[in-house]
Amino acid sequence: MELERILHKHGFGTRKACRGLVRHERVLVNGVLSDDPFADFPTDGLVFTVDGVDWPYQEQAVLMLNKPAGYECSRKPQHHLGVLELLPVQLRERGVQPIGRLDEDTTGLLIITDDGQLNHVLSSGKRKVPKVYLATTKHELDAAQIAQLLEGVLLHDEPAPIAAAAVEIAGPNLLRLTLTEGKYHQVKRMVAAVGNRVEALHREAVGALTLPEDLPAGHWRWLSAVDLEKLVKST
Ligand code: URA
């Protein structure tokens, strides 16, 4: 693929702007300066560098973010910054969007992509992709609450009770639960329905993909081929 096109695809502005970057010798390809915007490169395994920052060629952008509290996932954030503000502008230019939403005060694993098909597959209710949450509760948890969550609770505006796929008491006020739907405020509403209250919520995993311990809050990273496979296998 032509270098100018590679840069354009990766969100570095108009074709003209990309040509300018190359002509001004700001771009390396696989570590070698390239000043010809029309030079052709095989994209497999290609890494280009713009102003000292490395970018692996990504046919589709798929990344994970450790979402901090205080950021909204909606397309038009109203009261806080949007999660996309945590990403380089080039990724926003590519049109990446979060797959599903976490509440403003929820932290943890968020998948973000410009791959519409992947987004559709992972967010489709039919696929029942399990999501694992760690909820800190206001009151101590007890066996009756766990039993109710596993049996199913009736939420306002839902036609039938919804059950957690798995529930585990991880501490006196710490609940790990797995849900296969993605309903609005689902964890908070389910926990409220059994007479408790969520004080903090963190998503640990989506499908077989777990938030890496070494990814600090507010940081992101590309999904590796292995990560992607884990995600897709969960559908
Ligand atoms: N359930 C909630 O209540 N909030 C989230 O952010 C995710 C699941």
# chains A, B, ... in the order shown; residues from 1 in each chain; ligands from 1
$ select_by_dssp --residues "region 73-192 of chain A" --states "strand (DSSP E)" --output "ChimeraX atom specification"
/A:81-82,97-98,106-113,131-137,166-171,174-179
$ closest_atom_pairs --of "region 2-69 of chain A" --to "region 83-90 of chain A" --cutoff "8 Å" --atoms "only C-alpha atoms" --output "Markdown table"
| residue | atom | partner | partner_atom | distance |
| --- | --- | --- | --- | --- |
| A:His10 | CA | A:Gln90 | CA | 6.4 |
| A:Gly11 | CA | A:Gln90 | CA | 4.3 |
| A:Phe12 | CA | A:Gln90 | CA | 5.8 |
| A:Lys67 | CA | A:Val83 | CA | 7.3 |
$ write_last_selection --atoms "all heavy atoms" --output "short mmCIF file (atom, residue, chain, number, x, y, z; two decimals), in the first residue's frame"
data_model
loop_
_atom_site.label_atom_id
_atom_site.label_comp_id
_atom_site.auth_asym_id
_atom_site.auth_seq_id
_atom_site.Cartn_x
_atom_site.Cartn_y
_atom_site.Cartn_z
N HIS A 10 -4.74 5.59 8.78
CA HIS A 10 -4.51 5.56 10.22
C HIS A 10 -4.81 6.89 10.91
O HIS A 10 -4.37 7.13 12.04
CB HIS A 10 -3.06 5.10 10.51
CG HIS A 10 -2.89 3.63 10.30
ND1 HIS A 10 -2.79 3.08 9.05
CD2 HIS A 10 -2.85 2.60 11.17
CE1 HIS A 10 -2.68 1.76 9.16
NE2 HIS A 10 -2.71 1.44 10.44
N GLY A 11 -5.52 7.76 10.22
CA GLY A 11 -6.05 8.96 10.88
C GLY A 11 -5.11 10.15 10.92
O GLY A 11 -5.29 11.04 11.76
N PHE A 12 -4.15 10.18 9.99
CA PHE A 12 -3.20 11.31 10.00
C PHE A 12 -3.63 12.46 9.10
O PHE A 12 -2.81 13.26 8.67
CB PHE A 12 -1.79 10.81 9.64
CG PHE A 12 -1.13 10.10 10.78
CD1 PHE A 12 -1.38 8.75 11.01
CD2 PHE A 12 -0.32 10.79 11.68
CE1 PHE A 12 -0.81 8.10 12.10
CE2 PHE A 12 0.26 10.14 12.77
CZ PHE A 12 0.01 8.79 12.98
N LYS A 67 -10.83 1.80 31.50
CA LYS A 67 -11.61 3.03 31.67
C LYS A 67 -11.52 3.53 33.12
O LYS A 67 -11.82 2.79 34.05
CB LYS A 67 -13.08 2.77 31.30
CG LYS A 67 -13.95 4.01 31.46
CD LYS A 67 -15.43 3.65 31.35
CE LYS A 67 -16.31 4.84 31.67
NZ LYS A 67 -16.19 5.30 33.05
#
$ closest_residue --among "A:Ala200, A:Ile6, A:Val32, A:Pro172" --to "Pro56 (chain A)" --atoms "only C-alpha atoms"
A:Ile6
$ closest_residue --among "A:Lys183, A:Arg23, A:Arg94, A:His156" --to "Ser124 (chain A)" --atoms "only C-alpha atoms"
A:Lys183
$ residues_around --residues "Leu134 (chain A)" --least-positions-apart "6" --cutoff "12 Å" --atoms "only C-alpha atoms" --output "list in words"
Thr106, Thr107, Gly108, Leu109, Ala166, Val167, Glu168, Ile169, Ala170, Gly171, Asn173, Leu174, Leu175, Arg176, Leu177, Thr178, Leu179, Val187, Lys188, Val191, Val198, Glu199, Ala200, Leu201, His202, Arg203, Glu204 and Ala205 of chain A
$ select_by_dssp --residues "region 10-231 of chain A" --states "alpha helix (DSSP H)" --output "compact mmCIF listing (two decimals) with all heavy atoms, in the first residue's frame"
# COMPACT_ATOMS: atom_id res chain seq x y z
N ARG A 15 -5.24 13.32 2.52
CA ARG A 15 -4.15 12.76 1.72
C ARG A 15 -3.03 13.79 1.57
O ARG A 15 -1.86 13.46 1.66
CB ARG A 15 -4.67 12.36 0.33
CG ARG A 15 -5.73 11.25 0.36
CD ARG A 15 -5.14 9.91 0.67
NE ARG A 15 -4.47 9.34 -0.48
CZ ARG A 15 -4.82 8.20 -1.08
NH1 ARG A 15 -5.84 7.52 -0.62
NH2 ARG A 15 -4.15 7.73 -2.09
N LYS A 16 -3.45 15.05 1.40
CA LYS A 16 -2.46 16.12 1.21
C LYS A 16 -1.62 16.29 2.48
O LYS A 16 -0.38 16.41 2.42
CB LYS A 16 -3.20 17.41 0.86
CG LYS A 16 -2.31 18.49 0.38
CD LYS A 16 -3.12 19.66 -0.16
CE LYS A 16 -2.20 20.86 -0.27
NZ LYS A 16 -2.93 22.11 -0.22
N ALA A 17 -2.30 16.26 3.63
CA ALA A 17 -1.58 16.42 4.90
C ALA A 17 -0.60 15.26 5.09
O ALA A 17 0.54 15.45 5.55
CB ALA A 17 -2.57 16.48 6.05
N CYS A 18 -1.03 14.06 4.71
CA CYS A 18 -0.19 12.87 4.87
C CYS A 18 1.04 12.97 3.95
O CYS A 18 2.16 12.64 4.36
CB CYS A 18 -0.98 11.60 4.55
SG CYS A 18 -2.29 11.31 5.75
N ARG A 19 0.78 13.46 2.74
CA ARG A 19 1.90 13.63 1.79
C ARG A 19 2.92 14.60 2.39
O ARG A 19 4.11 14.38 2.35
CB ARG A 19 1.34 14.22 0.48
CG ARG A 19 2.05 13.80 -0.76
CD ARG A 19 1.30 14.31 -1.98
NE ARG A 19 -0.11 13.91 -1.97
CZ ARG A 19 -1.12 14.62 -2.47
NH1 ARG A 19 -0.90 15.80 -3.04
NH2 ARG A 19 -2.36 14.18 -2.42
N GLY A 20 2.41 15.67 3.00
CA GLY A 20 3.28 16.68 3.64
C GLY A 20 4.14 16.06 4.74
O GLY A 20 5.34 16.34 4.83
N LEU A 21 3.54 15.20 5.56
CA LEU A 21 4.30 14.55 6.64
C LEU A 21 5.48 13.78 6.07
O LEU A 21 6.60 13.83 6.59
CB LEU A 21 3.41 13.57 7.42
CG LEU A 21 2.36 14.13 8.37
CD1 LEU A 21 1.49 13.01 8.93
CD2 LEU A 21 3.05 14.88 9.51
N VAL A 22 5.21 13.05 4.97
CA VAL A 22 6.25 12.21 4.37
C VAL A 22 7.33 13.10 3.75
O VAL A 22 8.53 12.91 3.99
CB VAL A 22 5.65 11.26 3.31
CG1 VAL A 22 6.74 10.42 2.67
CG2 VAL A 22 4.58 10.37 3.94
N ARG A 23 6.89 14.09 3.01
CA ARG A 23 7.86 14.97 2.31
C ARG A 23 8.72 15.75 3.30
O ARG A 23 9.86 16.08 3.01
CB ARG A 23 7.12 15.92 1.38
CG ARG A 23 6.45 15.17 0.21
CD ARG A 23 6.72 15.87 -1.12
NE ARG A 23 6.47 14.99 -2.25
CZ ARG A 23 5.39 15.03 -3.01
NH1 ARG A 23 4.44 15.92 -2.77
NH2 ARG A 23 5.27 14.20 -4.03
N VAL A 89 -5.54 11.39 18.90
CA VAL A 89 -6.50 11.98 17.96
C VAL A 89 -6.63 11.14 16.69
O VAL A 89 -7.71 11.04 16.10
CB VAL A 89 -6.10 13.45 17.65
CG1 VAL A 89 -4.75 13.54 16.97
CG2 VAL A 89 -7.15 14.13 16.81
N GLN A 90 -5.52 10.47 16.29
CA GLN A 90 -5.56 9.66 15.05
C GLN A 90 -6.60 8.54 15.16
O GLN A 90 -7.23 8.17 14.18
CB GLN A 90 -4.19 9.06 14.75
CG GLN A 90 -3.15 10.06 14.31
CD GLN A 90 -2.47 10.77 15.46
OE1 GLN A 90 -2.78 10.53 16.63
NE2 GLN A 90 -1.54 11.65 15.15
N LEU A 91 -6.76 8.00 16.38
CA LEU A 91 -7.74 6.92 16.54
C LEU A 91 -9.15 7.48 16.46
O LEU A 91 -10.05 6.87 15.87
CB LEU A 91 -7.51 6.19 17.86
CG LEU A 91 -6.31 5.26 17.84
CD1 LEU A 91 -6.01 4.72 19.22
CD2 LEU A 91 -6.57 4.12 16.88
N ARG A 92 -9.35 8.65 17.03
CA ARG A 92 -10.68 9.28 16.92
C ARG A 92 -10.99 9.57 15.45
O ARG A 92 -12.11 9.38 15.00
CB ARG A 92 -10.72 10.56 17.75
CG ARG A 92 -10.52 10.31 19.24
CD ARG A 92 -11.10 11.43 20.07
NE ARG A 92 -10.38 12.67 19.92
CZ ARG A 92 -9.28 13.00 20.61
NH1 ARG A 92 -8.79 12.15 21.50
NH2 ARG A 92 -8.70 14.16 20.44
N GLU A 93 -9.96 10.02 14.72
CA GLU A 93 -10.14 10.30 13.29
C GLU A 93 -10.56 9.05 12.53
O GLU A 93 -11.27 9.13 11.54
CB GLU A 93 -8.82 10.82 12.68
CG GLU A 93 -8.51 12.24 13.01
CD GLU A 93 -9.44 13.20 12.30
OE1 GLU A 93 -9.63 13.03 11.09
OE2 GLU A 93 -9.99 14.11 12.96
N GLY A 116 -16.99 -2.25 12.44
CA GLY A 116 -18.43 -2.27 12.68
C GLY A 116 -18.97 -3.68 12.89
O GLY A 116 -19.86 -3.89 13.72
N GLN A 117 -18.39 -4.64 12.17
CA GLN A 117 -18.88 -6.00 12.27
C GLN A 117 -18.58 -6.60 13.65
O GLN A 117 -19.43 -7.23 14.28
CB GLN A 117 -18.24 -6.85 11.18
CG GLN A 117 -19.09 -8.03 10.80
CD GLN A 117 -18.40 -8.85 9.73
OE1 GLN A 117 -17.51 -8.37 9.03
NE2 GLN A 117 -18.79 -10.10 9.62
N LEU A 118 -17.36 -6.35 14.11
CA LEU A 118 -16.98 -6.85 15.44
C LEU A 118 -17.86 -6.20 16.51
O LEU A 118 -18.34 -6.87 17.43
CB LEU A 118 -15.50 -6.52 15.71
CG LEU A 118 -14.98 -7.02 17.05
CD1 LEU A 118 -14.85 -8.54 17.06
CD2 LEU A 118 -13.62 -6.39 17.37
N ASN A 119 -18.07 -4.91 16.36
CA ASN A 119 -18.92 -4.19 17.30
C ASN A 119 -20.32 -4.82 17.33
O ASN A 119 -20.87 -5.10 18.39
CB ASN A 119 -19.00 -2.71 16.86
CG ASN A 119 -19.53 -1.84 17.98
OD1 ASN A 119 -20.31 -2.29 18.81
ND2 ASN A 119 -19.14 -0.58 17.99
N HIS A 120 -20.84 -5.08 16.15
CA HIS A 120 -22.18 -5.67 16.06
C HIS A 120 -22.23 -7.04 16.73
O HIS A 120 -23.12 -7.33 17.53
CB HIS A 120 -22.58 -5.77 14.59
CG HIS A 120 -23.91 -6.41 14.40
ND1 HIS A 120 -25.08 -5.75 14.70
CD2 HIS A 120 -24.25 -7.64 13.98
CE1 HIS A 120 -26.10 -6.56 14.47
NE2 HIS A 120 -25.62 -7.72 14.03
N VAL A 121 -21.23 -7.87 16.41
CA VAL A 121 -21.22 -9.24 16.93
C VAL A 121 -21.11 -9.23 18.45
O VAL A 121 -21.83 -9.94 19.15
CB VAL A 121 -20.03 -10.03 16.31
CG1 VAL A 121 -19.75 -11.30 17.07
CG2 VAL A 121 -20.33 -10.36 14.86
N LEU A 122 -20.23 -8.38 18.98
CA LEU A 122 -20.00 -8.40 20.43
C LEU A 122 -21.11 -7.73 21.22
O LEU A 122 -21.33 -8.02 22.38
CB LEU A 122 -18.66 -7.74 20.77
CG LEU A 122 -17.42 -8.57 20.45
CD1 LEU A 122 -16.18 -7.76 20.69
CD2 LEU A 122 -17.38 -9.85 21.28
N SER A 123 -21.80 -6.80 20.58
CA SER A 123 -22.84 -6.12 21.36
C SER A 123 -24.22 -6.71 21.12
O SER A 123 -25.18 -6.32 21.78
CB SER A 123 -22.81 -4.61 21.12
OG SER A 123 -22.75 -4.32 19.74
N ALA A 143 -26.06 -15.02 51.66
CA ALA A 143 -26.39 -16.14 50.76
C ALA A 143 -27.72 -15.92 50.05
O ALA A 143 -27.88 -16.31 48.88
CB ALA A 143 -26.44 -17.44 51.58
N ALA A 144 -28.65 -15.25 50.74
CA ALA A 144 -29.97 -15.05 50.12
C ALA A 144 -29.84 -14.13 48.89
O ALA A 144 -30.47 -14.37 47.85
CB ALA A 144 -30.92 -14.43 51.14
N GLN A 145 -29.02 -13.12 49.01
CA GLN A 145 -28.84 -12.20 47.87
C GLN A 145 -28.22 -12.95 46.68
O GLN A 145 -28.63 -12.77 45.54
CB GLN A 145 -27.93 -11.03 48.27
CG GLN A 145 -28.59 -10.09 49.27
CD GLN A 145 -27.62 -9.05 49.82
OE1 GLN A 145 -26.55 -8.81 49.27
NE2 GLN A 145 -28.01 -8.44 50.93
N ILE A 146 -27.24 -13.79 46.99
CA ILE A 146 -26.57 -14.55 45.92
C ILE A 146 -27.58 -15.47 45.23
O ILE A 146 -27.65 -15.54 43.99
CB ILE A 146 -25.40 -15.38 46.50
CG1 ILE A 146 -24.42 -14.47 47.24
CG2 ILE A 146 -24.68 -16.19 45.42
CD1 ILE A 146 -23.88 -13.32 46.44
N ALA A 147 -28.37 -16.14 46.05
CA ALA A 147 -29.36 -17.08 45.50
C ALA A 147 -30.34 -16.34 44.59
O ALA A 147 -30.67 -16.81 43.49
CB ALA A 147 -30.10 -17.78 46.64
N GLN A 148 -30.77 -15.16 45.04
CA GLN A 148 -31.72 -14.38 44.24
C GLN A 148 -31.12 -13.94 42.91
O GLN A 148 -31.77 -13.99 41.87
CB GLN A 148 -32.11 -13.11 45.01
CG GLN A 148 -33.38 -13.24 45.83
CD GLN A 148 -33.67 -11.89 46.49
OE1 GLN A 148 -32.95 -11.50 47.41
NE2 GLN A 148 -34.68 -11.20 46.01
N LEU A 149 -29.85 -13.53 42.96
CA LEU A 149 -29.20 -13.07 41.72
C LEU A 149 -29.07 -14.23 40.73
O LEU A 149 -29.19 -14.04 39.51
CB LEU A 149 -27.81 -12.49 42.03
CG LEU A 149 -27.81 -11.12 42.71
CD1 LEU A 149 -26.42 -10.77 43.25
CD2 LEU A 149 -28.28 -10.04 41.74
N LEU A 150 -28.86 -15.42 41.26
CA LEU A 150 -28.72 -16.58 40.38
C LEU A 150 -30.07 -17.07 39.86
O LEU A 150 -30.17 -17.60 38.75
CB LEU A 150 -28.01 -17.72 41.13
CG LEU A 150 -26.50 -17.55 41.28
CD1 LEU A 150 -25.93 -18.58 42.24
CD2 LEU A 150 -25.80 -17.65 39.91
N GLU A 151 -31.10 -16.88 40.69
CA GLU A 151 -32.45 -17.30 40.27
C GLU A 151 -33.04 -16.35 39.25
O GLU A 151 -33.79 -16.73 38.36
CB GLU A 151 -33.38 -17.30 41.49
CG GLU A 151 -33.64 -18.68 42.05
CD GLU A 151 -34.24 -18.55 43.43
OE1 GLU A 151 -35.17 -17.73 43.61
OE2 GLU A 151 -33.76 -19.26 44.33
N GLN A 186 -27.34 -2.47 34.43
CA GLN A 186 -27.84 -3.79 34.81
C GLN A 186 -27.32 -4.28 36.17
O GLN A 186 -28.08 -4.78 36.98
CB GLN A 186 -27.49 -4.83 33.73
CG GLN A 186 -28.19 -6.16 33.99
CD GLN A 186 -27.99 -7.15 32.88
OE1 GLN A 186 -27.60 -6.77 31.76
NE2 GLN A 186 -28.23 -8.42 33.14
N VAL A 187 -26.01 -4.12 36.39
CA VAL A 187 -25.47 -4.62 37.67
C VAL A 187 -26.09 -3.83 38.82
O VAL A 187 -26.58 -4.41 39.81
CB VAL A 187 -23.93 -4.50 37.71
CG1 VAL A 187 -23.41 -4.91 39.08
CG2 VAL A 187 -23.29 -5.33 36.61
N LYS A 188 -26.10 -2.53 38.69
CA LYS A 188 -26.62 -1.68 39.77
C LYS A 188 -28.09 -2.02 40.06
O LYS A 188 -28.51 -2.12 41.21
CB LYS A 188 -26.47 -0.21 39.41
CG LYS A 188 -25.02 0.23 39.37
CD LYS A 188 -24.89 1.64 38.85
CE LYS A 188 -23.42 2.02 38.69
NZ LYS A 188 -23.22 3.21 37.89
N ARG A 189 -28.85 -2.21 38.99
CA ARG A 189 -30.28 -2.49 39.19
C ARG A 189 -30.50 -3.88 39.78
O ARG A 189 -31.38 -4.08 40.61
CB ARG A 189 -31.03 -2.31 37.87
CG ARG A 189 -31.07 -0.84 37.44
CD ARG A 189 -32.12 -0.60 36.38
NE ARG A 189 -31.81 -1.27 35.15
CZ ARG A 189 -32.72 -1.71 34.28
NH1 ARG A 189 -34.01 -1.57 34.53
NH2 ARG A 189 -32.37 -2.32 33.18
N MET A 190 -29.70 -4.84 39.34
CA MET A 190 -29.88 -6.20 39.88
C MET A 190 -29.50 -6.25 41.36
O MET A 190 -30.19 -6.88 42.17
CB MET A 190 -29.04 -7.21 39.08
CG MET A 190 -29.64 -7.49 37.70
SD MET A 190 -28.66 -8.66 36.73
CE MET A 190 -29.00 -10.19 37.57
N VAL A 191 -28.41 -5.56 41.69
CA VAL A 191 -27.97 -5.56 43.09
C VAL A 191 -28.99 -4.81 43.96
O VAL A 191 -29.33 -5.24 45.08
CB VAL A 191 -26.54 -4.98 43.22
CG1 VAL A 191 -26.15 -4.75 44.66
CG2 VAL A 191 -25.53 -5.91 42.53
N ALA A 192 -29.54 -3.73 43.40
CA ALA A 192 -30.58 -2.99 44.15
C ALA A 192 -31.81 -3.87 44.35
O ALA A 192 -32.45 -3.84 45.41
CB ALA A 192 -30.94 -1.72 43.41
N ALA A 193 -32.11 -4.68 43.34
CA ALA A 193 -33.31 -5.53 43.42
C ALA A 193 -33.21 -6.57 44.52
O ALA A 193 -34.24 -7.09 44.99
CB ALA A 193 -33.56 -6.21 42.07
N ALA A 225 -3.28 -10.52 18.39
CA ALA A 225 -4.04 -11.54 17.66
C ALA A 225 -4.65 -12.54 18.66
O ALA A 225 -5.79 -13.00 18.49
CB ALA A 225 -3.14 -12.25 16.67
N VAL A 226 -3.90 -12.84 19.72
CA VAL A 226 -4.39 -13.81 20.73
C VAL A 226 -5.59 -13.20 21.47
O VAL A 226 -6.60 -13.87 21.69
CB VAL A 226 -3.25 -14.16 21.72
CG1 VAL A 226 -3.76 -15.01 22.87
CG2 VAL A 226 -2.11 -14.85 20.99
N ASP A 227 -5.48 -11.93 21.84
CA ASP A 227 -6.60 -11.25 22.52
C ASP A 227 -7.86 -11.29 21.64
O ASP A 227 -8.95 -11.56 22.12
CB ASP A 227 -6.27 -9.77 22.76
CG ASP A 227 -5.15 -9.57 23.77
OD1 ASP A 227 -4.94 -10.44 24.61
OD2 ASP A 227 -4.49 -8.51 23.68
N LEU A 228 -7.62 -10.98 20.35
CA LEU A 228 -8.78 -10.91 19.43
C LEU A 228 -9.46 -12.27 19.33
O LEU A 228 -10.67 -12.37 19.32
CB LEU A 228 -8.28 -10.51 18.06
CG LEU A 228 -8.72 -9.15 17.53
CD1 LEU A 228 -8.22 -8.95 16.13
CD2 LEU A 228 -10.23 -8.98 17.60
N GLU A 229 -8.62 -13.30 19.27
CA GLU A 229 -9.18 -14.64 19.17
C GLU A 229 -10.01 -14.97 20.41
O GLU A 229 -11.08 -15.55 20.30
CB GLU A 229 -8.04 -15.64 18.97
CG GLU A 229 -8.56 -16.91 18.34
CD GLU A 229 -7.45 -17.92 18.17
OE1 GLU A 229 -6.39 -17.53 17.66
OE2 GLU A 229 -7.65 -19.07 18.59
N LYS A 230 -9.48 -14.55 21.58
CA LYS A 230 -10.22 -14.79 22.82
C LYS A 230 -11.60 -14.12 22.77
O LYS A 230 -12.58 -14.68 23.20
CB LYS A 230 -9.44 -14.22 24.01
CG LYS A 230 -8.29 -15.06 24.47
CD LYS A 230 -7.71 -14.47 25.72
CE LYS A 230 -6.43 -15.17 26.13
NZ LYS A 230 -5.70 -14.43 27.15
N LEU A 231 -11.60 -12.91 22.23
CA LEU A 231 -12.86 -12.16 22.17
C LEU A 231 -13.85 -12.84 21.23
O LEU A 231 -15.01 -13.04 21.56
CB LEU A 231 -12.58 -10.79 21.60
CG LEU A 231 -12.60 -9.59 22.50
CD1 LEU A 231 -12.61 -8.32 21.68
CD2 LEU A 231 -13.78 -9.61 23.46
$ residues_around --residues "Arg101 (chain A)" --least-positions-apart "4" --cutoff "8 Å" --atoms "only C-alpha atoms" --output "PDB file with C-alpha atoms, in the first residue's frame"
ATOM      1  CA  CYS A  73     -19.009   6.246  26.838  1.00  0.00           C
ATOM      2  CA  SER A  74     -21.780   8.000  24.924  1.00  0.00           C
ATOM      3  CA  LEU A 110     -13.690  -1.388  27.497  1.00  0.00           C
TER       4      LEU A 110
END
$ residues_around --residues "Asp51 (chain A)" --least-positions-apart "4" --cutoff "10 Å" --atoms "only C-alpha atoms" --output "list in words"
Leu21, Glu25, Arg26, Val27 and Leu28 of chain A
$ closest_residue --among "A:Gly52, A:Leu154, A:Glu4, A:His24" --to "Ala39 (chain A)" --atoms "only C-alpha atoms"
A:Glu4
$ residues_around --residues "His80 (chain A)" --least-positions-apart "5" --cutoff "7 Å" --atoms "only C-alpha atoms" --output "JSON, numbers by chain"
{"A": [70, 71, 72]}
$ atom_distance --atom1 "CA of Met1 (chain A)" --atom2 "CA of Leu223 (chain A)"
22.6 Å
$ residues_around --residues "Arg221 (chain A)" --least-positions-apart "2" --cutoff "8 Å" --atoms "only C-alpha atoms" --output "ChimeraX atom specification"
/A:63-65,219,223
$ write_last_selection --atoms "all heavy atoms" --output "compact mmCIF listing (two decimals), in the first residue's frame"
# COMPACT_ATOMS: atom_id res chain seq x y z
N LEU A 63 -8.83 -2.05 20.18
CA LEU A 63 -7.98 -1.80 21.34
C LEU A 63 -8.77 -1.96 22.62
O LEU A 63 -10.00 -2.02 22.61
CB LEU A 63 -7.40 -0.39 21.25
CG LEU A 63 -8.40 0.73 21.01
CD1 LEU A 63 -8.46 1.63 22.21
CD2 LEU A 63 -7.98 1.52 19.79
N MET A 64 -8.03 -2.08 23.70
CA MET A 64 -8.70 -2.14 25.00
C MET A 64 -8.25 -0.93 25.82
O MET A 64 -7.10 -0.49 25.73
CB MET A 64 -8.38 -3.44 25.74
CG MET A 64 -6.92 -3.68 26.00
SD MET A 64 -6.73 -5.15 27.06
CE MET A 64 -5.82 -6.22 25.98
N LEU A 65 -9.21 -0.42 26.58
CA LEU A 65 -8.94 0.73 27.44
C LEU A 65 -9.29 0.32 28.86
O LEU A 65 -10.31 -0.34 29.08
CB LEU A 65 -9.83 1.91 27.01
CG LEU A 65 -9.83 3.13 27.92
CD1 LEU A 65 -8.52 3.93 27.77
CD2 LEU A 65 -11.00 4.06 27.62
N HIS A 219 -5.22 4.08 30.51
CA HIS A 219 -4.30 3.68 29.44
C HIS A 219 -4.97 2.68 28.50
O HIS A 219 -5.89 1.99 28.88
CB HIS A 219 -3.03 3.06 30.04
CG HIS A 219 -2.15 4.09 30.68
ND1 HIS A 219 -0.86 4.35 30.27
CD2 HIS A 219 -2.40 4.95 31.70
CE1 HIS A 219 -0.36 5.31 31.00
NE2 HIS A 219 -1.26 5.69 31.89
N LEU A 223 -5.24 -4.67 20.78
CA LEU A 223 -5.49 -6.08 21.06
C LEU A 223 -4.51 -6.90 20.21
O LEU A 223 -4.35 -6.60 19.01
CB LEU A 223 -6.92 -6.46 20.68
CG LEU A 223 -7.87 -6.68 21.85
CD1 LEU A 223 -8.04 -5.38 22.63
CD2 LEU A 223 -9.21 -7.17 21.38
$ atom_distance --atom1 "CA of Leu3 (chain A)" --atom2 "CA of Asn30 (chain A)"
11.8 Å
